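K.L.:
Sending over a structure as structure tokens; questions will come in a sec.
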Amino acid sequence: MFDEINPQGRLQDKVAIITGAGCVGPGWGNGRAAAVLFAKAGAKIFAVDRSIDAMYETLNRIQNFNGEVTPFACDVTDSESVQTMVEACVEKYGRVDILVNNVGGSAAGGAVALSEEGWNKQLDLNLKSVFLTCKHTIPYMEQQGGGSIVNTASTSGIRFTGSPQVAYAASKAAIIQLSKVTAVEYAPKGIRVNTVLPGQLHTPMVEVRLAGQRTGGDVDQLLESRLKRIPAGFMGDGRDTAFAALFLASDEARFVTGTEIVVDGGMTARCD
């Protein structure tokens, strides 16, 4: 279905920085799906990940339909690296119209079990990365008269979703509020800032990392437990996150800023 969808023109000639555009395995992670969908919509993609190799499938998918994409390796938890990355995008394309933040990951552990080092790493990966990309991208958007930022948080930022992962939940909640504050500050400058909150999706991260953390590597057991929480009766994947991000990034959302779209099949709406 995804390969047949043609959103051509919705982002025509826009320049989009998409962080976390790679993936830990084959399939549809949030960043890979956003990069491919935005390219289909006509955007020029500046695809960012820690590893160029992690973006191999992403780049191939975009190049298969002659989309425009430039890969760039960057540690988005390092300010100098992020500044260099944004400058490289502007040098390549002359502007930055869209920033989509997809870098992140969870670590198990509550307030006692999680180490201080684990806490710091989670906040760097999930929250500092968003702060730094916004910090270095917004000045260019301001100079050019506007832009759109879409940050990826999580339903863990608004609900307890079944696992004590206090740093992940706290950092994702902070992304939501960071987005609101930034949206209000820069609305007069024509810069919109919104957040997508994915629920329990079936992404490559589930099989490669989460199953090992929570069910001893039993992927089927983990998927079954997650599915039981979803009223829709099926699990989405990174493509569902990407479609929400596409709307928020596009001019169709010109009057939408400082808010969130929850993509979870109804999970957070139920009482139990």
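Chain labels follow the order of the structure tokens: the first chain is A, the next B, and so on; residue numbering restarts at 1 in every chain, and ligands are counted from 1 in their shown order.
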Residues near segment 71-85 of chain A, anyone? I mean within 6 Å using only C-alpha atoms, not counting same-chain ones fewer than 6 positions away, as a compact mmCIF listing (two decimals) with all heavy atoms, in the first residue's frame.
P.N.:
# COMPACT_ATOMS: atom_id res chain seq x y z
N ALA A 47 19.06 13.57 4.73
CA ALA A 47 18.86 12.42 5.61
C ALA A 47 20.02 12.30 6.59
O ALA A 47 21.18 12.19 6.19
CB ALA A 47 18.74 11.14 4.79
N VAL A 48 19.70 12.30 7.87
CA VAL A 48 20.71 12.36 8.93
C VAL A 48 20.63 11.14 9.83
O VAL A 48 19.54 10.74 10.26
CB VAL A 48 20.53 13.64 9.77
CG1 VAL A 48 21.55 13.70 10.90
CG2 VAL A 48 20.63 14.88 8.88
N ASP A 49 21.78 10.56 10.11
CA ASP A 49 21.85 9.46 11.07
C ASP A 49 23.29 9.38 11.57
O ASP A 49 24.20 9.94 10.96
CB ASP A 49 21.45 8.13 10.42
CG ASP A 49 20.95 7.11 11.43
OD1 ASP A 49 21.80 6.46 12.07
OD2 ASP A 49 19.73 6.99 11.60
N ARG A 50 23.46 8.69 12.68
CA ARG A 50 24.82 8.49 13.20
C ARG A 50 25.68 7.72 12.21
O ARG A 50 26.88 7.92 12.12
CB ARG A 50 24.76 7.71 14.52
CG ARG A 50 25.19 8.48 15.71
CD ARG A 50 25.19 7.67 16.98
NE ARG A 50 24.33 6.50 16.98
CZ ARG A 50 23.99 5.85 18.08
NH1 ARG A 50 24.40 6.27 19.23
NH2 ARG A 50 23.22 4.80 18.02
N SER A 51 25.04 6.81 11.48
CA SER A 51 25.74 5.92 10.56
C SER A 51 25.15 6.01 9.16
O SER A 51 23.94 5.85 8.99
CB SER A 51 25.67 4.48 11.06
OG SER A 51 26.03 3.57 10.06
N ILE A 52 25.98 6.25 8.18
CA ILE A 52 25.52 6.24 6.79
C ILE A 52 25.01 4.85 6.43
O ILE A 52 24.00 4.70 5.73
CB ILE A 52 26.65 6.66 5.83
CG1 ILE A 52 27.06 8.11 6.07
CG2 ILE A 52 26.21 6.47 4.37
CD1 ILE A 52 26.03 9.14 5.70
N ASP A 124 19.98 12.79 26.95
CA ASP A 124 20.78 13.26 25.82
C ASP A 124 20.20 12.78 24.49
O ASP A 124 20.00 13.55 23.55
CB ASP A 124 22.23 12.77 25.95
CG ASP A 124 23.04 13.62 26.91
OD1 ASP A 124 22.54 14.65 27.38
OD2 ASP A 124 24.20 13.24 27.18
N SER A 129 18.92 16.01 21.88
CA SER A 129 19.01 15.97 20.42
C SER A 129 17.98 16.89 19.77
O SER A 129 18.27 17.58 18.79
CB SER A 129 18.80 14.52 19.92
OG SER A 129 17.53 14.03 20.30
N HIS A 136 19.93 25.02 16.29
CA HIS A 136 20.77 25.37 15.15
C HIS A 136 19.98 25.53 13.84
O HIS A 136 20.51 26.13 12.89
CB HIS A 136 21.86 24.31 14.97
CG HIS A 136 22.88 24.31 16.07
ND1 HIS A 136 23.74 25.37 16.26
CD2 HIS A 136 23.15 23.41 17.06
CE1 HIS A 136 24.53 25.12 17.31
NE2 HIS A 136 24.18 23.95 17.81
K.L.:
Skipping near chain neighbours, those fewer than 5 positions away, what residues fall within 7 Å of segment 221-237 of chain A using only C-alpha atoms, listed as a PyMOL selection string?
P.N.:
chain A and resi 28-29+200-203+211+215+265-267
K.L.:
From a DSSP pass on the backbone, collect the residues of segment 48-231 of chain A flagged as strand (DSSP E) and hand them back as an MDAnalysis selection string.
P.N.:
chainID A and resid 48:49 69:73 98:101 147:152 191:198
K.L.:
Can I get the selection written as a PDB file, in the first residue's frame, with C-alpha atoms?
P.N.:
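Once everything was written out, this is result-v8.pdb:
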ATOM      1  CA  VAL A  48      20.714  12.357   8.925  1.00  0.00           C
ATOM      2  CA  ASP A  49      21.854   9.460  11.073  1.00  0.00           C
ATOM      3  CA  VAL A  69      18.260  12.700  -1.014  1.00  0.00           C
ATOM      4  CA  THR A  70      21.579  13.668   0.536  1.00  0.00           C
ATOM      5  CA  PRO A  71      22.906  11.507   3.383  1.00  0.00           C
ATOM      6  CA  PHE A  72      24.852  13.032   6.254  1.00  0.00           C
ATOM      7  CA  ALA A  73      26.405  11.360   9.295  1.00  0.00           C
ATOM      8  CA  ILE A  98      11.266  21.371   7.451  1.00  0.00           C
ATOM      9  CA  LEU A  99      12.948  19.694  10.410  1.00  0.00           C
ATOM     10  CA  VAL A 100      11.709  16.277  11.541  1.00  0.00           C
ATOM     11  CA  ASN A 101      13.281  14.848  14.701  1.00  0.00           C
ATOM     12  CA  GLY A 147       9.430  26.774   8.482  1.00  0.00           C
ATOM     13  CA  SER A 148       7.912  23.721  10.101  1.00  0.00           C
ATOM     14  CA  ILE A 149       9.354  21.541  12.861  1.00  0.00           C
ATOM     15  CA  VAL A 150       7.888  18.149  13.720  1.00  0.00           C
ATOM     16  CA  ASN A 151       9.216  16.435  16.834  1.00  0.00           C
ATOM     17  CA  THR A 152       8.608  12.764  17.559  1.00  0.00           C
ATOM     18  CA  ILE A 191       7.763  28.904  12.307  1.00  0.00           C
ATOM     19  CA  ARG A 192       5.386  26.141  13.347  1.00  0.00           C
ATOM     20  CA  VAL A 193       6.360  23.477  15.892  1.00  0.00           C
ATOM     21  CA  ASN A 194       4.269  20.362  16.505  1.00  0.00           C
ATOM     22  CA  THR A 195       4.682  16.879  17.915  1.00  0.00           C
ATOM     23  CA  VAL A 196       3.693  13.377  16.841  1.00  0.00           C
ATOM     24  CA  LEU A 197       3.091  10.841  19.621  1.00  0.00           C
ATOM     25  CA  PRO A 198       3.414   7.292  18.270  1.00  0.00           C
TER      26      PRO A 198
END
K.L.:
I need the residues in segment 22-195 of chain A that are alpha helix (DSSP H) according to DSSP; give them as a ChimeraX atom specification.
P.N.:
/A:30-40,56-64,79-93,116-123,129-144,166-186
